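Student: Below: one structure in structure tokens.
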Amino acid sequence: METLFSGIQPSGIPTLGNYIGALKQFGEVQDDYDCFFCIVDQHAITIPQDRLKLRKQTRQLAAIYLASGIDPEKSTLFIQSEVPAHVQASWMLTTISSIGELERMTQFKDKAVKQTEGIPAGLLTYPPLMAADIVIYNTNIVPVGDDQKQHIELTRNLVDRFNSRYNDVLVKPEIRMPKVGGRVMSLQDPTKKMSKSDDNQKNYISLLDEPNVGAKKIRSAVTDSDGIIKFDRDNKPGISNLLSIYSSLTDKTIDELQTQYKDSNYGEFKSDLAEIVKEFLIQFQEKYEYYFNSDELDTILDNGRDKAQKASFKTLKKMEKAMGLGRKR
């Protein structure tokens, strides 16, 4: 069975877009892959974080993973900082990375310009840590969106470089893009991706939004003026985005929805979708609250940590041996 790895930063509450584009799909592939789902808190501290808020958001994200359908009997759910192999392998990969290729990373450029008190070195060395996250589990598949594709390409280059200089120790991962419909756009500006870091809260639905608030955001979502409920991402991005959300939260295809609403107006369509989103949030948050407030969550994370440590240990030791680190016994 091939190995799949995915990591999410605990830097805010995931959105409905994160659920549809990633979390929901993770639950659907657990029977097909040996899955490692990691809460990458060490990535989060590449920019300043409040320690108490970070710990709370780490626990919240673990509960959100489970509420999304991750089964700890099938998958490994764990916190990055609790498995030392991530940072140990990261340093080894950093030593074979060049300043030039790290500075070319688009996310580094975007985040660096926002820093007012100097650029943290962690922003520059973020990609080797991400590469380490992936390679220490002999990962075959990495499901990522367009914004992370450049980092995975660098990971693949570092694997080639390491294996060429030392031994064929590391597995070269493949990029797996989200399936069609997995990209959810902003509710007020459907030409850009829905983001939890958006300054305008009307642009996204948080998975922990009060359900009536989530419904209200759907009712006020931007569409267009012709009133025809048709999927056309280029010419009708607003209604197309809402059709994708509707389809993802129900068992109905977009074609079925277009037929169902061919004689309806946008108000009727958005009113129905608002109720679907409201009911989804109610049910999702019930599961979330159960895990967030239970000791079971700590047991799951403890078990995940132990499984991740065991799985990463062999690759880490092979890397150290290949580079001549430590004593030979």
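Identifiers in this document derive from the order of the structure tokens: chains are assigned A, B, ..., residues are numbered from 1 separately in each chain, and ligands are numbered from 1 in order of occurrence.
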Could you pull out the alpha helix (DSSP H) residues of segment 32-235 of chain A from DSSP and send them as a VMD selection string?
Tutor: chain A and resid 41 to 44 51 to 67 85 to 94 99 to 103 106 to 112 121 to 124 126 to 135 146 to 165 211 to 219
Student: As a list in words, please: the residues near Ala131 of chain A (cut-off 10 Å, only C-alpha atoms, same-chain neighbours under 2 positions excluded).
Tutor: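 Those residues are His86, Ala89, Ser90, Leu93, Thr94, Tyr126, Pro127, Pro128, Leu129, Asp133, Ile134, Val135, Ile136, His151, Ile152, Glu153, Leu154, Thr155, Arg156, Asn157, Leu158, Val159 and Pro173 of chain A.
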Student: Print the selection's residues with N, CA and C atoms to a file, as an mmCIF file, in the first residue's frame.
Tutor:
data_model
loop_
_atom_site.group_PDB
_atom_site.id
_atom_site.type_symbol
_atom_site.label_atom_id
_atom_site.label_comp_id
_atom_site.auth_asym_id
_atom_site.auth_seq_id
_atom_site.Cartn_x
_atom_site.Cartn_y
_atom_site.Cartn_z
ATOM 1 N N HIS A 86 11.383 15.001 12.424
ATOM 2 C CA HIS A 86 11.079 16.032 11.424
ATOM 3 C C HIS A 86 12.189 17.081 11.373
ATOM 4 N N ALA A 89 15.741 15.503 10.340
ATOM 5 C CA ALA A 89 15.869 15.284 8.898
ATOM 6 C C ALA A 89 15.901 16.614 8.145
ATOM 7 N N SER A 90 15.169 17.587 8.680
ATOM 8 C CA SER A 90 15.139 18.905 8.056
ATOM 9 C C SER A 90 16.540 19.520 7.990
ATOM 10 N N LEU A 93 18.556 18.024 5.189
ATOM 11 C CA LEU A 93 18.128 18.501 3.873
ATOM 12 C C LEU A 93 18.483 19.977 3.666
ATOM 13 N N THR A 94 18.500 20.743 4.773
ATOM 14 C CA THR A 94 18.907 22.150 4.665
ATOM 15 C C THR A 94 20.348 22.263 4.191
ATOM 16 N N TYR A 126 11.848 27.044 5.634
ATOM 17 C CA TYR A 126 10.560 26.346 5.684
ATOM 18 C C TYR A 126 10.509 25.157 4.711
ATOM 19 N N PRO A 127 10.948 25.336 3.434
ATOM 20 C CA PRO A 127 10.821 24.222 2.479
ATOM 21 C C PRO A 127 11.592 22.953 2.848
ATOM 22 N N PRO A 128 12.845 23.038 3.369
ATOM 23 C CA PRO A 128 13.496 21.788 3.774
ATOM 24 C C PRO A 128 12.775 21.064 4.917
ATOM 25 N N LEU A 129 12.128 21.823 5.812
ATOM 26 C CA LEU A 129 11.337 21.181 6.866
ATOM 27 C C LEU A 129 10.129 20.488 6.258
ATOM 28 N N ASP A 133 9.265 16.524 6.414
ATOM 29 C CA ASP A 133 7.956 15.992 6.818
ATOM 30 C C ASP A 133 7.545 14.840 5.906
ATOM 31 N N ILE A 134 7.801 15.044 4.639
ATOM 32 C CA ILE A 134 7.339 14.105 3.610
ATOM 33 C C ILE A 134 8.229 12.871 3.512
ATOM 34 N N VAL A 135 9.544 13.087 3.429
ATOM 35 C CA VAL A 135 10.429 11.969 3.082
ATOM 36 C C VAL A 135 10.641 10.979 4.223
ATOM 37 N N ILE A 136 10.511 11.410 5.487
ATOM 38 C CA ILE A 136 10.805 10.485 6.583
ATOM 39 C C ILE A 136 9.762 9.369 6.710
ATOM 40 N N HIS A 151 6.798 23.939 -3.604
ATOM 41 C CA HIS A 151 7.515 23.318 -2.499
ATOM 42 C C HIS A 151 7.707 21.813 -2.738
ATOM 43 N N ILE A 152 6.706 21.164 -3.320
ATOM 44 C CA ILE A 152 6.835 19.725 -3.576
ATOM 45 C C ILE A 152 7.838 19.472 -4.690
ATOM 46 N N GLU A 153 7.890 20.354 -5.663
ATOM 47 C CA GLU A 153 8.909 20.213 -6.705
ATOM 48 C C GLU A 153 10.306 20.329 -6.101
ATOM 49 N N LEU A 154 10.479 21.259 -5.145
ATOM 50 C CA LEU A 154 11.771 21.371 -4.460
ATOM 51 C C LEU A 154 12.064 20.103 -3.667
ATOM 52 N N THR A 155 11.054 19.556 -3.007
ATOM 53 C CA THR A 155 11.229 18.300 -2.270
ATOM 54 C C THR A 155 11.742 17.204 -3.194
ATOM 55 N N ARG A 156 11.147 17.094 -4.371
ATOM 56 C CA ARG A 156 11.572 16.076 -5.336
ATOM 57 C C ARG A 156 13.023 16.313 -5.780
ATOM 58 N N ASN A 157 13.389 17.587 -5.948
ATOM 59 C CA ASN A 157 14.780 17.911 -6.313
ATOM 60 C C ASN A 157 15.755 17.544 -5.197
ATOM 61 N N LEU A 158 15.359 17.810 -3.955
ATOM 62 C CA LEU A 158 16.222 17.481 -2.818
ATOM 63 C C LEU A 158 16.385 15.969 -2.671
ATOM 64 N N VAL A 159 15.326 15.225 -2.937
ATOM 65 C CA VAL A 159 15.418 13.758 -2.900
ATOM 66 C C VAL A 159 16.416 13.270 -3.943
ATOM 67 N N PRO A 173 8.475 11.557 -3.864
ATOM 68 C CA PRO A 173 7.009 11.621 -3.828
ATOM 69 C C PRO A 173 6.411 12.142 -5.125
#
Student: Kindly assemble as a tab-separated table a list of the segment 244-278 of chain A residues that lie within 12 Å of segment 190-205 of chain A, each paired with its nearest atom pair and their distance in Å to one decimal, using only C-alpha atoms, sorted first by chain and then by ascending residue number.
Tutor:
residue	atom	partner	partner_atom	distance
A:Ser244	CA	A:Pro190	CA	11.9
A:Ile245	CA	A:Ile205	CA	11.3
A:Ala274	CA	A:Ile205	CA	11.3
A:Val277	CA	A:Ile205	CA	9.4
A:Lys278	CA	A:Ile205	CA	10.6
Student: Measure the distance from atom CA of Gln285 of chain A to atom CA of Thr58 of chain A in Å and round it to one decimal.
Tutor: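 These two atoms are separated by 16.5 Å.
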Student: What's the 10 Å shell around Gly326 of chain A, counting only C-alpha atoms, without same-chain residues fewer than 4 positions away, as a PyMOL selection string?
Tutor: chain A and resi 317+320-321
Student: Skipping near chain neighbours, those fewer than 4 positions away, what residues fall within 9 Å of Ile45 of chain A using only C-alpha atoms, listed as an MDAnalysis selection string?
Tutor: chainID A and resid 41 49 54 122
Student: Which residue out of A:Ser206, A:Ser164, A:Ser312, A:Gln25 has the minimum interatomic distance to Gly12 of chain A when only C-alpha atoms are used?
Tutor: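 Under the stated criterion, the closest residue is A:Ser206.
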Student: Hey, what's within 6 Å of segment 27-29 of chain A if we count only C-alpha atoms and toss same-chain stuff fewer than 2 positions away? As a short mmCIF file (atom, residue, chain, number, x, y, z; two decimals) with N, CA, C and O atoms, in the first residue's frame, please?
Tutor:
data_model
loop_
_atom_site.label_atom_id
_atom_site.label_comp_id
_atom_site.auth_asym_id
_atom_site.auth_seq_id
_atom_site.Cartn_x
_atom_site.Cartn_y
_atom_site.Cartn_z
N LYS A 24 -12.32 16.56 3.59
CA LYS A 24 -13.34 15.60 3.17
C LYS A 24 -12.73 14.50 2.31
O LYS A 24 -13.05 13.31 2.47
N GLN A 25 -11.82 14.90 1.43
CA GLN A 25 -11.18 13.92 0.56
C GLN A 25 -10.26 12.98 1.33
O GLN A 25 -10.12 11.81 0.98
N ASP A 31 -8.86 4.11 3.04
CA ASP A 31 -8.80 2.68 2.74
C ASP A 31 -7.83 2.37 1.60
O ASP A 31 -7.48 1.22 1.37
N ASP A 32 -7.41 3.43 0.89
CA ASP A 32 -6.58 3.23 -0.29
C ASP A 32 -5.09 3.46 -0.03
O ASP A 32 -4.24 3.02 -0.80
N GLY A 69 -13.85 13.06 9.48
CA GLY A 69 -13.93 11.66 9.07
C GLY A 69 -12.63 10.89 9.13
O GLY A 69 -12.58 9.73 8.71
N ILE A 70 -11.56 11.51 9.65
CA ILE A 70 -10.32 10.75 9.80
C ILE A 70 -10.51 9.69 10.88
O ILE A 70 -10.93 9.99 12.00
#
Student: Can you check which residues of segment 40-216 of chain A DSSP gives as strand (DSSP E or B) on the backbone and send them as a list in words?
Tutor: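 Going through segment 40-216 of chain A, the strand (DSSP E or B) residues come out as Thr76, Leu77, Phe78, Ile79, Ile141, Val142, Pro143, Glu174, Ile175, Arg176, Met185, Lys193 and Ser206 of chain A.
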Student: What is the atom CA of Lys53 of chain A-atom CA of Met130 of chain A distance in Å, reported with one decimal?
Tutor: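 That distance, rounded to one decimal, is 22.6 Å.
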Student: Between A:Thr3, A:Thr250, A:Gln260, A:Ser186, which residue has the minimum interatomic distance to Asn18 of chain A, considering only C-alpha atoms?
Tutor: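 Smallest distance to Asn18 of chain A is found for A:Ser186.
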Student: If we count only C-alpha atoms, what is near Thr46 of chain A at a cut-off of 12 Å, once residues fewer than 3 positions away on the same chain are taken out, given as a ChimeraX atom specification?
Tutor: /A:9,11,40-43,49,108,111-112,115,119-127,129
Student: Identify which of the residues A:Val184, A:Ala308, A:Ala132, A:Ile239 lies closest to Leu77 of chain A, counting only C-alpha atoms when measuring atom-to-atom distances.
Tutor: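 Among A:Val184, A:Ala308, A:Ala132, A:Ile239, it is A:Ala308 that comes nearest to Leu77 of chain A.
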Student: What separation in Å, quoted to one decimal, exists between atom CA of Glu210 of chain A and atom CA of Glu286 of chain A?
Tutor: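 We find that atom CA of Glu210 of chain A and atom CA of Glu286 of chain A lie 11.8 Å from each other.
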Student: Using only C-alpha atoms, determine which residues lie at most 10 Å from segment 64-66 of chain A, disregarding the query and same-chain residues fewer than 6 positions distant; provide the list as a PyMOL selection string.
Tutor: chain A and resi 8+13-14+19+23-24+26-27+37-39+58+72+77+207-208+284-285+287-292+297+300
Student: Keeping only C-alpha atoms, write the selected residues as a PDB file, in the first residue's frame.
Tutor:
ATOM      1  CA  ILE A   8      -1.900  21.520   7.912  1.00  0.00           C
ATOM      2  CA  ILE A  13      -9.662  27.567  11.872  1.00  0.00           C
ATOM      3  CA  PRO A  14      -9.994  25.809   8.490  1.00  0.00           C
ATOM      4  CA  TYR A  19     -13.006  20.863   4.159  1.00  0.00           C
ATOM      5  CA  LEU A  23     -10.288  17.273   4.714  1.00  0.00           C
ATOM      6  CA  LYS A  24     -13.343  15.598   3.174  1.00  0.00           C
ATOM      7  CA  PHE A  26      -8.769  12.645   3.211  1.00  0.00           C
ATOM      8  CA  GLY A  27     -11.588  10.726   4.833  1.00  0.00           C
ATOM      9  CA  PHE A  37      -1.985  13.435   8.788  1.00  0.00           C
ATOM     10  CA  CYS A  38       0.234  15.911  10.581  1.00  0.00           C
ATOM     11  CA  ILE A  39      -0.531  19.120  12.470  1.00  0.00           C
ATOM     12  CA  THR A  58      -3.410  22.681  17.569  1.00  0.00           C
ATOM     13  CA  PRO A  72      -7.429   6.836  13.887  1.00  0.00           C
ATOM     14  CA  LEU A  77      -2.917  11.632  13.216  1.00  0.00           C
ATOM     15  CA  LEU A 207     -15.902  25.372  10.040  1.00  0.00           C
ATOM     16  CA  LEU A 208     -16.608  26.804  13.492  1.00  0.00           C
ATOM     17  CA  PHE A 284     -19.902  18.950  11.977  1.00  0.00           C
ATOM     18  CA  GLN A 285     -19.624  21.058  15.123  1.00  0.00           C
ATOM     19  CA  LYS A 287     -18.632  15.943  16.283  1.00  0.00           C
ATOM     20  CA  TYR A 288     -15.948  18.593  16.753  1.00  0.00           C
ATOM     21  CA  GLU A 289     -17.137  19.492  20.272  1.00  0.00           C
ATOM     22  CA  TYR A 290     -17.168  15.830  21.256  1.00  0.00           C
ATOM     23  CA  TYR A 291     -13.515  15.321  20.317  1.00  0.00           C
ATOM     24  CA  PHE A 292     -12.228  18.716  21.461  1.00  0.00           C
ATOM     25  CA  LEU A 297      -8.431  13.126  21.636  1.00  0.00           C
ATOM     26  CA  ILE A 300      -5.503   9.392  19.712  1.00  0.00           C
TER      27      ILE A 300
END
Student: So, counting only C-alpha atoms, which residue among A:Val169, A:Val213, A:Met185, A:Val144 is closest to Leu243 of chain A?
Tutor: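 Looking only at the distances to Leu243 of chain A, the closest residue turns out to be A:Met185.
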